[in-house]
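K.L.:
Dropping in coords_1.csv, with CSV, C-alpha atoms and all ligand atoms.
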chain,number,residue,atom,x,y,z
A,30,MET,CA,158.7,126.1,68.7
A,31,ALA,CA,160.3,128.9,66.9
A,32,VAL,CA,159.4,129.1,63.2
A,33,ILE,CA,162.4,129.7,61.0
A,34,ASN,CA,161.9,130.7,57.4
A,35,TYR,CA,165.2,130.2,55.7
A,36,SER,CA,164.3,131.6,52.3
A,37,LYS,CA,163.0,134.8,53.9
A,38,LYS,CA,165.7,134.7,56.7
A,39,GLU,CA,163.1,135.2,59.4
A,40,ILE,CA,162.7,133.8,62.9
A,41,SER,CA,159.4,134.0,64.8
A,42,ALA,CA,159.2,133.1,68.4
A,43,LYS,CA,156.2,133.0,70.8
A,44,ILE,CA,156.4,134.2,74.4
A,45,VAL,CA,153.3,133.7,76.6
A,46,TYR,CA,152.5,135.6,79.8
A,47,TYR,CA,150.7,133.1,82.1
A,48,GLY,CA,149.3,133.5,85.6
A,49,PRO,CA,146.1,133.6,87.7
A,50,SER,CA,143.1,135.7,87.0
A,51,LEU,CA,143.6,139.5,87.5
A,52,CYS,CA,147.3,139.1,88.3
A,53,GLY,CA,148.2,141.8,85.7
A,54,LYS,CA,149.1,139.9,82.5
A,55,THR,CA,147.2,142.2,80.2
A,56,THR,CA,148.5,145.3,82.0
A,57,ASN,CA,152.1,144.0,81.4
A,58,ILE,CA,151.4,143.8,77.6
A,59,GLN,CA,149.8,147.2,77.6
A,60,SER,CA,152.7,148.6,79.4
A,61,ILE,CA,155.2,147.0,77.0
A,62,TYR,CA,153.1,148.4,74.1
A,63,ALA,CA,153.3,151.9,75.5
A,64,SER,CA,157.1,151.6,75.9
A,65,ILE,CA,158.2,150.2,72.5
A,66,LYS,CA,159.0,152.4,69.6
A,67,PRO,CA,156.3,152.5,66.9
A,68,GLU,CA,158.6,151.0,64.2
A,69,GLN,CA,159.3,148.0,66.4
A,70,LYS,CA,155.8,147.0,67.3
A,71,GLY,CA,152.7,145.7,65.5
A,72,LYS,CA,149.1,146.1,66.4
A,73,LEU,CA,148.1,145.2,70.0
A,74,VAL,CA,145.2,142.9,69.7
A,75,SER,CA,143.1,142.3,72.8
A,76,LEU,CA,140.1,140.1,73.0
A,77,ALA,CA,138.4,141.0,76.3
A,78,THR,CA,135.0,140.9,77.9
A,79,GLU,CA,133.3,144.2,78.8
A,80,ALA,CA,134.9,143.9,82.3
A,81,ASP,CA,138.3,143.8,80.6
A,82,ARG,CA,138.9,140.2,81.6
A,83,THR,CA,140.8,138.5,78.8
A,84,LEU,CA,138.5,136.2,76.9
A,85,PHE,CA,141.0,134.6,74.5
A,86,PHE,CA,144.3,136.3,74.6
A,87,ASP,CA,146.1,139.6,74.1
A,88,PHE,CA,148.7,139.6,71.3
A,89,LEU,CA,151.6,142.0,70.6
A,90,PRO,CA,154.2,141.4,67.9
A,91,ILE,CA,157.5,143.0,68.3
A,92,GLU,CA,160.3,143.1,65.7
A,93,ILE,CA,163.9,143.0,67.1
A,94,ALA,CA,167.4,143.3,65.7
A,95,ASN,CA,168.7,140.8,63.2
A,96,ILE,CA,170.4,137.7,64.6
A,97,ARG,CA,173.0,136.3,62.2
A,98,GLY,CA,171.2,137.9,59.3
A,99,PHE,CA,167.8,136.6,60.4
A,100,LYS,CA,165.0,139.1,61.0
A,101,THR,CA,163.5,138.2,64.3
A,102,ARG,CA,159.9,138.7,65.4
A,103,LEU,CA,158.7,138.0,68.9
A,104,HIS,CA,155.0,137.4,69.5
A,105,PHE,CA,153.8,138.1,73.0
A,106,TYR,CA,150.6,136.5,74.1
A,107,THR,CA,148.6,136.5,77.4
A,108,VAL,CA,146.1,133.8,78.4
A,109,PRO,CA,142.8,134.2,80.2
A,110,GLY,CA,143.4,133.7,83.9
A,111,GLN,CA,139.9,132.7,84.8
A,112,VAL,CA,139.9,129.0,85.9
A,113,TYR,CA,137.2,127.9,83.5
A,114,TYR,CA,139.0,129.0,80.4
A,115,ASN,CA,141.5,126.2,80.5
A,116,SER,CA,141.0,124.9,77.0
A,117,THR,CA,141.8,128.5,75.7
A,118,ARG,CA,144.9,128.7,77.9
A,119,ARG,CA,146.1,125.4,76.6
A,120,ALA,CA,145.5,126.4,73.0
A,121,VAL,CA,147.4,129.7,73.5
A,122,LEU,CA,150.4,127.6,74.6
A,123,THR,CA,150.7,125.9,71.3
A,124,GLY,CA,154.2,126.3,70.0
A,125,VAL,CA,155.3,128.4,72.9
A,126,ASP,CA,159.1,129.3,73.1
A,127,GLY,CA,159.2,131.1,76.4
A,128,LEU,CA,157.1,131.9,79.4
A,129,VAL,CA,156.6,134.7,81.9
A,130,PHE,CA,154.7,133.6,85.0
A,131,VAL,CA,153.0,136.6,86.5
A,132,ALA,CA,152.3,136.0,90.2
A,133,ASP,CA,150.0,138.2,92.2
A,134,SER,CA,151.8,139.4,95.3
A,135,GLN,CA,148.7,139.7,97.4
A,136,ARG,CA,148.9,137.2,100.3
A,137,ASP,CA,145.3,135.9,99.7
A,138,LYS,CA,146.2,135.2,96.0
A,139,MET,CA,149.0,132.8,96.8
A,140,GLU,CA,146.8,129.7,96.5
A,141,GLU,CA,145.7,130.9,93.0
A,142,ASN,CA,149.4,131.5,92.1
A,143,ILE,CA,150.3,127.9,93.1
A,144,GLU,CA,147.3,126.5,91.2
A,145,SER,CA,148.1,128.5,88.1
A,146,LEU,CA,151.7,127.4,88.1
A,147,ALA,CA,150.7,123.8,88.4
A,148,ASN,CA,148.1,124.3,85.7
A,149,LEU,CA,150.8,125.8,83.4
A,150,GLU,CA,153.0,122.7,83.9
A,151,GLU,CA,150.0,120.4,83.3
A,152,ASN,CA,149.1,122.3,80.0
A,153,LEU,CA,152.7,122.2,78.9
A,154,ASN,CA,152.9,118.4,79.5
A,155,TYR,CA,149.9,118.1,77.2
A,156,TYR,CA,152.3,119.2,74.4
A,157,GLY,CA,155.1,117.0,75.7
A,158,LYS,CA,156.8,120.2,77.1
A,159,SER,CA,157.7,121.2,80.6
A,160,LEU,CA,158.9,124.2,82.6
A,161,LYS,CA,162.1,122.4,83.0
A,162,THR,CA,162.9,122.6,79.3
A,163,LEU,CA,161.5,126.0,78.4
A,164,PRO,CA,162.8,129.5,79.2
A,165,LEU,CA,160.8,130.9,82.2
A,166,VAL,CA,160.9,134.2,84.1
A,167,ILE,CA,158.8,134.8,87.2
A,168,GLN,CA,157.3,138.2,87.8
A,169,TYR,CA,156.1,139.2,91.3
A,170,ASN,CA,153.5,141.8,90.3
A,171,LYS,CA,151.4,144.2,92.4
A,172,ARG,CA,154.3,145.1,94.7
A,173,ASP,CA,152.6,148.4,95.4
A,174,LEU,CA,149.7,146.8,97.4
A,175,PRO,CA,149.9,146.9,101.2
A,176,ASP,CA,149.2,143.2,101.6
A,177,ALA,CA,152.0,142.2,99.2
A,178,MET,CA,153.9,139.2,100.5
A,179,PRO,CA,157.6,139.6,101.0
A,180,VAL,CA,159.4,138.5,97.9
A,181,ALA,CA,161.6,136.0,99.8
A,182,GLU,CA,158.5,134.2,101.0
A,183,MET,CA,157.1,134.1,97.5
A,184,GLU,CA,160.4,132.8,96.1
A,185,GLN,CA,160.3,130.0,98.7
A,186,ILE,CA,156.8,128.9,97.6
A,187,LEU,CA,156.9,129.6,93.8
A,188,ASN,CA,160.5,129.5,92.8
A,189,GLN,CA,162.5,126.8,94.5
A,190,ASP,CA,164.2,126.1,91.1
A,191,GLY,CA,165.7,129.5,91.0
A,192,TYR,CA,164.3,130.9,87.8
A,193,PRO,CA,165.1,134.5,87.1
A,194,SER,CA,162.5,136.7,88.9
A,195,PHE,CA,161.5,140.4,89.0
A,196,GLU,CA,159.3,142.6,91.1
A,197,ALA,CA,156.8,144.7,89.2
A,198,VAL,CA,154.0,147.2,89.4
A,199,ALA,CA,152.6,146.7,85.9
A,200,PRO,CA,150.4,149.8,85.6
A,201,THR,CA,153.4,152.1,86.2
A,202,GLY,CA,155.8,150.0,84.1
A,203,GLU,CA,158.0,149.1,87.0
A,204,GLY,CA,159.8,145.8,86.4
A,205,VAL,CA,157.9,145.3,83.1
A,206,LEU,CA,160.7,145.9,80.7
A,207,GLN,CA,163.2,144.1,82.9
A,208,THR,CA,161.0,141.0,82.7
A,209,LEU,CA,160.6,141.4,79.0
A,210,THR,CA,164.3,141.8,78.4
A,211,LYS,CA,165.2,138.8,80.4
A,212,ILE,CA,162.8,136.4,78.8
A,213,THR,CA,163.7,137.8,75.3
A,214,LYS,CA,167.4,137.1,75.9
A,215,MET,CA,166.6,133.6,77.3
A,216,VAL,CA,164.4,132.7,74.3
A,217,LEU,CA,167.0,134.0,71.8
A,218,LYS,CA,169.7,132.0,73.5
A,219,HIS,CA,167.4,129.0,73.5
A,220,ILE,CA,166.9,129.4,69.7
A,221,GLU,CA,170.6,130.0,69.0
A,222,MET,CA,172.1,127.4,71.3
A,223,GLY,CA,169.3,124.8,71.5
A,224,THR,CA,169.2,125.2,75.3
A,225,SER,CA,166.6,126.5,77.7
A,226,GLY,CA,168.7,129.5,78.3
A,227,LYS,CA,169.3,128.2,81.8
A,228,PRO,CA,172.9,127.1,82.0
A,229,GLN,CA,172.4,125.0,85.1
A,230,ARG,CA,169.9,122.8,83.3
A,231,LYS,CA,170.5,120.1,80.8
A,232,THR,CA,167.9,120.0,78.0
A,233,GLU,CA,167.0,117.2,75.8
A,234,ALA,CA,167.7,117.6,72.1
A,235,SER,CA,164.7,117.7,69.8
A,236,PRO,CA,164.6,117.5,66.1
A,237,GLY,CA,163.5,121.1,65.9
A,238,LYS,CA,166.4,122.3,68.1
A,239,LEU,CA,168.9,120.3,66.0
A,240,ALA,CA,167.7,122.0,62.9
A,241,ILE,CA,168.1,125.4,64.5
A,242,GLU,CA,171.6,124.5,65.8
A,243,GLN,CA,172.8,123.4,62.4
A,244,THR,CA,171.9,126.5,60.7
A,245,ALA,CA,171.9,129.3,63.2
A,246,HIS,CA,174.6,128.2,65.6
A,247,ALA,CA,177.6,129.5,63.7
A,248,HIS,CA,180.9,128.9,65.5
A,249,PRO,CA,180.8,126.3,68.2
A,250,ASN,CA,184.4,126.8,69.1
A,251,GLU,CA,184.5,130.5,69.2
A,252,PRO,CA,183.1,132.7,72.0
A,253,GLN,CA,179.5,133.4,71.1
A,254,PRO,CA,178.2,136.9,71.1
A,255,ALA,CA,175.5,137.5,73.7
A,256,PRO,CA,172.1,137.0,72.0
A,257,SER,CA,171.0,140.3,70.8
A,258,GLY,CA,167.7,141.6,69.9
A,259,ALA,CA,166.2,142.8,73.1
A,260,PRO,CA,163.8,145.5,71.9
A,261,SER,CA,164.9,149.1,72.4
A,262,TYR,CA,162.6,151.2,74.4
A,263,GLU,CA,161.5,154.8,74.5
A,264,THR,CA,161.8,154.9,78.2
A,265,PRO,CA,165.3,154.4,79.4
A,266,GLN,CA,166.3,151.5,81.6
A,267,LYS,CA,166.6,152.4,85.3
A,268,PRO,CA,170.2,153.0,86.3
A,269,ASP,CA,170.0,150.3,89.0
A,270,THR,CA,169.0,147.6,86.5
A,271,PRO,CA,171.6,144.8,86.9
A,272,ALA,CA,174.0,144.7,83.9
A,273,GLN,CA,172.8,141.2,82.8
A,274,ASP,CA,169.3,142.4,82.6
A,275,ARG,CA,169.9,145.4,80.3
A,276,PRO,CA,169.2,145.0,76.6
A,277,ALA,CA,172.2,143.7,74.7
A,278,PRO,CA,173.7,145.9,72.0
A,279,PRO,CA,172.5,145.0,68.5
A,280,TYR,CA,174.5,142.0,67.1
A,281,GLN,CA,176.5,143.1,64.0
A,282,GLY,CA,176.0,139.9,62.0
A,283,ALA,CA,177.8,136.6,61.6
A,284,SER,CA,181.6,136.6,61.0
A,285,SER,CA,183.1,134.8,58.0
A,286,SER,CA,183.2,131.0,58.0
A,287,SER,CA,186.1,129.1,59.4
A,288,ASP,CA,187.3,125.7,58.4
A,289,GLY,CA,184.6,123.0,58.3
A,290,ASP,CA,182.0,125.3,59.7
A,291,PHE,CA,178.9,125.6,57.5
A,292,SER,CA,177.1,128.3,59.4
A,293,GLY,CA,175.8,131.5,58.1
A,294,GLY,CA,175.5,130.7,54.4
A,295,ARG,CA,173.4,128.6,52.1
A,296,ILE,CA,174.7,125.1,51.5
A,297,GLN,CA,174.6,123.6,48.0
A,298,ILE,CA,175.3,120.0,47.1
A,299,VAL,CA,177.6,120.0,44.1
A,300,GLY,CA,178.3,116.3,43.8
A,301,THR,CA,177.8,112.9,45.2
A,302,GLU,CA,179.6,109.5,45.1
A,303,ASN,CA,178.3,105.9,45.2
A,304,ALA,CA,176.8,104.8,48.4
A,305,LYS,CA,178.9,102.5,50.6
A,306,ILE,CA,177.4,99.9,53.0
A,307,ILE,CA,178.9,100.7,56.4
A,308,SER,CA,177.1,98.2,58.5
A,309,VAL,CA,174.3,95.6,58.2
A,310,ASN,CA,171.7,98.3,58.4
A,311,ALA,CA,173.4,101.5,57.3
A,312,ILE,CA,174.8,103.1,54.2
A,313,SER,CA,176.8,106.3,53.7
A,314,ILE,CA,176.8,108.6,50.8
A,315,PRO,CA,179.7,111.1,50.3
A,316,LEU,CA,178.3,114.6,49.5
A,317,HIS,CA,180.4,117.4,48.1
A,318,LEU,CA,179.2,120.7,49.4
A,319,LYS,CA,179.7,124.4,48.7
A,320,VAL,CA,178.9,127.1,51.2
A,321,GLU,CA,177.7,130.5,50.0
A,322,GLY,CA,180.5,133.0,50.3
A,323,ASP,CA,183.2,130.4,50.4
A,324,SER,CA,185.1,129.2,47.3
A,325,ARG,CA,186.2,125.9,48.9
A,326,THR,CA,184.4,122.5,48.4
A,327,TYR,CA,183.7,120.4,51.5
A,328,THR,CA,182.9,116.7,51.7
A,329,MET,CA,180.6,115.2,54.2
A,330,GLU,CA,179.5,111.6,54.7
A,331,LEU,CA,175.7,111.3,54.9
A,332,ALA,CA,174.9,108.2,56.9
A,333,ILE,CA,171.5,106.6,56.5
A,334,LYS,CA,170.1,103.9,58.7
A,335,ILE,CA,167.9,101.4,56.8
A,336,ASP,CA,165.7,98.7,58.0
A,337,SER,CA,166.6,96.3,55.2
A,338,LEU,CA,167.8,96.2,51.6
A,339,VAL,CA,165.1,94.6,49.4
A,340,PRO,CA,166.2,93.6,46.0
A,341,GLU,CA,163.9,94.8,43.2
A,342,GLY,CA,162.0,92.5,40.9
A,401,LIG,N1,147.7,148.0,92.3
A,401,LIG,C1,148.0,147.3,91.2
A,401,LIG,N2,147.1,146.9,90.3
A,401,LIG,C2,147.4,146.2,89.2
A,401,LIG,C3,148.8,145.8,89.0
A,401,LIG,N3,148.8,145.1,87.9
A,401,LIG,C4,147.6,145.1,87.4
A,401,LIG,N4,146.7,145.7,88.2
A,401,LIG,C5,145.3,145.9,88.1
A,401,LIG,O1,144.7,144.6,88.2
A,401,LIG,C6,143.5,144.5,87.4
A,401,LIG,C7,143.7,143.2,86.5
A,401,LIG,O2,144.7,143.4,85.6
A,401,LIG,P1,144.8,142.6,84.2
A,401,LIG,O3,146.1,143.0,83.6
A,401,LIG,O4,143.6,142.9,83.4
A,401,LIG,O5,144.9,141.2,84.7
A,401,LIG,P2,144.9,139.8,83.8
A,401,LIG,O6,146.0,139.0,84.5
A,401,LIG,O7,145.1,140.1,82.4
A,401,LIG,O8,143.5,139.2,84.1
A,401,LIG,P3,142.7,138.1,83.2
A,401,LIG,O9,142.7,138.6,81.8
A,401,LIG,O10,141.3,138.1,83.8
A,401,LIG,O11,143.4,136.8,83.4
A,401,LIG,C8,143.4,145.8,86.6
A,401,LIG,O12,142.5,146.6,87.3
A,401,LIG,C9,144.8,146.3,86.7
A,401,LIG,O13,144.8,147.7,86.6
A,401,LIG,C10,149.8,146.2,90.0
A,401,LIG,O14,151.0,146.0,89.8
A,401,LIG,N5,149.3,147.0,91.0
A,402,MG,MG,144.0,139.7,80.7
Could you spell out this file's structure in structure tokens?
Ligand SMILES: Nc1nc2c(ncn2[C@@H]2O[C@H](COP(=O)(O)OP(=O)(O)OP(=O)(O)O)[C@@H](O)[C@H]2O)c(=O)[nH]1
Ligand SMILES: [Mg+2]
P.N.:
Amino acid sequence: MAVINYSKKEISAKIVYYGPSLCGKTTNIQSIYASIKPEQKGKLVSLATEADRTLFFDFLPIEIANIRGFKTRLHFYTVPGQVYYNSTRRAVLTGVDGLVFVADSQRDKMEENIESLANLEENLNYYGKSLKTLPLVIQYNKRDLPDAMPVAEMEQILNQDGYPSFEAVAPTGEGVLQTLTKITKMVLKHIEMGTSGKPQRKTEASPGKLAIEQTAHAHPNEPQPAPSGAPSYETPQKPDTPAQDRPAPPYQGASSSSDGDFSGGRIQIVGTENAKIISVNAISIPLHLKVEGDSRTYTMELAIKIDSLVPEG
């Protein structure tokens, strides 16, 4: 789950590149690292065996544009694809906010792709999560190889739910930034709106999402700006990149508060009134609130459900 530090005004989100052994996860991260401006990226950390197989994970932090005044950091991880490292794969998924499934396009790797996707769902289930409720992008990598399966066939097998997908040749960077941009936008939308970033799916609310919505989702009745913050790259986007997959322009900050809308600023409780019993097991307490940057005072009823009222003494 995204970590939001309100006092520092920072959001951190975790995106994991998952997929079978040797499908090109590390190569994706290396290619991203080579394309991102130095001031936007942190150190690329790779923990690999001598044969360059990922042993634990690769890690790349990227800082992106502010979202509603919050500095936003994305942490990209890969997992070790080799089958016997499952406990490490599962550990890397802790707190994941978005996923890129890198599929190997070679025909004889299809079984491994299917197994890895099933393994991903199984490991997410361990944390009470699912592909159905997390942003996911599928990448068909190794498109340059002669035995690459047609994409339509791969879609049929791996992507019946219609997740966004991209073709890639990771060592040349082809399709790498498009994949990154898409998952970044989906994750930011997920954080902002409390959705999976997939409009066709209905997601269940969780306490974490609610907290994010209350503070970061500014104006529910106004048109929302497209989530910003796709990293800017040193290499230009290909001209044939579909418009929706290009990085969005930097978001210029939250607009001023409108009536009854507490977004964007710090909320201070300036007064309370006596609690009222509103049902056999609930009370409400009127709270008077002030919002940073707004001279008006607001009143809100805080309703609390209680098991029972036990007289003291
Ligand atoms: N031809 C071709 N080779 C690729 C492509 N992507 C990756 N490779 C090569 O495939 C090999 C494995 O790539 P990695 O990025 O290390 O794979 P990985 O998914 O991180 O593998 P594990 O860490 O073992 O899970 C390397 O030799 C890469 O150069 C591609 O699109 N085309
Ligand atoms: Mg690797």
K.L.:
Could you give me the residues within 7 Å of ligand LIG 401 (chain A), counting all atoms listed in the file, as a list in words?
P.N.:
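Result of the 7 Å neighbour search around ligand LIG 401 (chain A): Gly48, Pro49, Ser50, Leu51, Cys52, Gly53, Lys54, Thr55, Thr56, Asn57, Asp81, Arg82, Thr83, Leu84, Val108, Pro109, Gly110, Gln111, Asn170, Lys171, Arg172, Asp173, Leu174, Ala197, Val198, Ala199 and Pro200 of chain A.
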K.L.:
May I have the residues from that selection written out with C-alpha atoms, as an mmCIF file, keeping the file's coordinate frame?
P.N.:
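New file out_22.cif:
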data_model
loop_
_atom_site.group_PDB
_atom_site.id
_atom_site.type_symbol
_atom_site.label_atom_id
_atom_site.label_comp_id
_atom_site.auth_asym_id
_atom_site.auth_seq_id
_atom_site.Cartn_x
_atom_site.Cartn_y
_atom_site.Cartn_z
ATOM 1 C CA GLY A 48 149.300 133.500 85.600
ATOM 2 C CA PRO A 49 146.100 133.600 87.700
ATOM 3 C CA SER A 50 143.100 135.700 87.000
ATOM 4 C CA LEU A 51 143.600 139.500 87.500
ATOM 5 C CA CYS A 52 147.300 139.100 88.300
ATOM 6 C CA GLY A 53 148.200 141.800 85.700
ATOM 7 C CA LYS A 54 149.100 139.900 82.500
ATOM 8 C CA THR A 55 147.200 142.200 80.200
ATOM 9 C CA THR A 56 148.500 145.300 82.000
ATOM 10 C CA ASN A 57 152.100 144.000 81.400
ATOM 11 C CA ASP A 81 138.300 143.800 80.600
ATOM 12 C CA ARG A 82 138.900 140.200 81.600
ATOM 13 C CA THR A 83 140.800 138.500 78.800
ATOM 14 C CA LEU A 84 138.500 136.200 76.900
ATOM 15 C CA VAL A 108 146.100 133.800 78.400
ATOM 16 C CA PRO A 109 142.800 134.200 80.200
ATOM 17 C CA GLY A 110 143.400 133.700 83.900
ATOM 18 C CA GLN A 111 139.900 132.700 84.800
ATOM 19 C CA ASN A 170 153.500 141.800 90.300
ATOM 20 C CA LYS A 171 151.400 144.200 92.400
ATOM 21 C CA ARG A 172 154.300 145.100 94.700
ATOM 22 C CA ASP A 173 152.600 148.400 95.400
ATOM 23 C CA LEU A 174 149.700 146.800 97.400
ATOM 24 C CA ALA A 197 156.800 144.700 89.200
ATOM 25 C CA VAL A 198 154.000 147.200 89.400
ATOM 26 C CA ALA A 199 152.600 146.700 85.900
ATOM 27 C CA PRO A 200 150.400 149.800 85.600
#
K.L.:
Please determine, counting all atoms listed in the file, which residue among A:Ser134, A:Ser64, A:Gln59, A:Asn188 has the shortest atom-to-atom distance to ligand MG 402 (chain A).
P.N.:
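Ranking A:Ser134, A:Ser64, A:Gln59, A:Asn188 by distance to ligand MG 402 (chain A), first place goes to A:Gln59.
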K.L.:
Check the smallest atom-to-atom distance from each of A:Ile44, A:Ile91, A:Ala80, A:Ile96 to Pro67 of chain A using only C-alpha atoms, then report the winner.
P.N.:
A:Ile91
K.L.:
Please indicate the distance in Å from atom CA of Ala77 of chain A to atom CA of Glu141 of chain A, rounded to one decimal place.
P.N.:
20.8 Å
K.L.:
Between A:Gln297, A:Thr101, A:Gln135, A:Asn148, which residue has the minimum interatomic distance to Gly322 of chain A, considering all atoms listed in the file?
P.N.:
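Ranking A:Gln297, A:Thr101, A:Gln135, A:Asn148 by distance to Gly322 of chain A, first place goes to A:Gln297.
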K.L.:
Applying 7 Å and all atoms listed in the file, which residues near Ser75 of chain A remain after dropping the ones on its own chain fewer than 2 positions away? List them as a list of chain:residue names.
P.N.:
A:Leu73, A:Ala77, A:Phe86, A:Asp87, A:Phe88
K.L.:
To one decimal place in Å, what is the distance between atom CA of Val166 of chain A and atom CA of Tyr113 of chain A?
P.N.:
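The value is 24.5 Å.
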K.L.:
Find, counting only C-alpha atoms and all ligand atoms, the residue in A:Arg295, A:Lys158, A:Lys66, A:Arg118 that gets nearest to ligand MG 402 (chain A).
P.N.:
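Selected residue with least distance to ligand MG 402 (chain A): A:Arg118.
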K.L.:
Point out the residue among A:Tyr106, A:Arg119, A:Thr210, A:Val129 with the least atom-to-atom distance to ligand MG 402 (chain A), counting only C-alpha atoms and all ligand atoms.
P.N.:
A:Tyr106
K.L.:
Considering all atoms listed in the file, state which residue in the set A:Leu165, A:Ile220, A:Leu76, A:Ala94 is at the smallest distance from ligand MG 402 (chain A).
P.N.:
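Among the listed residues, the smallest separation from ligand MG 402 (chain A) belongs to A:Leu76.
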K.L.:
Compute the distance from (185.1, 124.3, 48.1) to each atom, counting all atoms listed in the file, keep the residues with any atom at most 12 Å away, and return them as a list of chain:residue names; use the coordinates of the file.
P.N.:
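Final list of nearby residues, as requested, is A:Asp288, A:Gly289, A:Phe291, A:Ile296, A:Gln297, A:Ile298, A:Val299, A:Gly300, A:Leu316, A:His317, A:Leu318, A:Lys319, A:Val320, A:Glu321, A:Gly322, A:Asp323, A:Ser324, A:Arg325, A:Thr326, A:Tyr327, A:Thr328, A:Met329.
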K.L.:
How many Å separate atom CA of Asp137 of chain A from atom CA of Pro175 of chain A?
P.N.:
12.0 Å
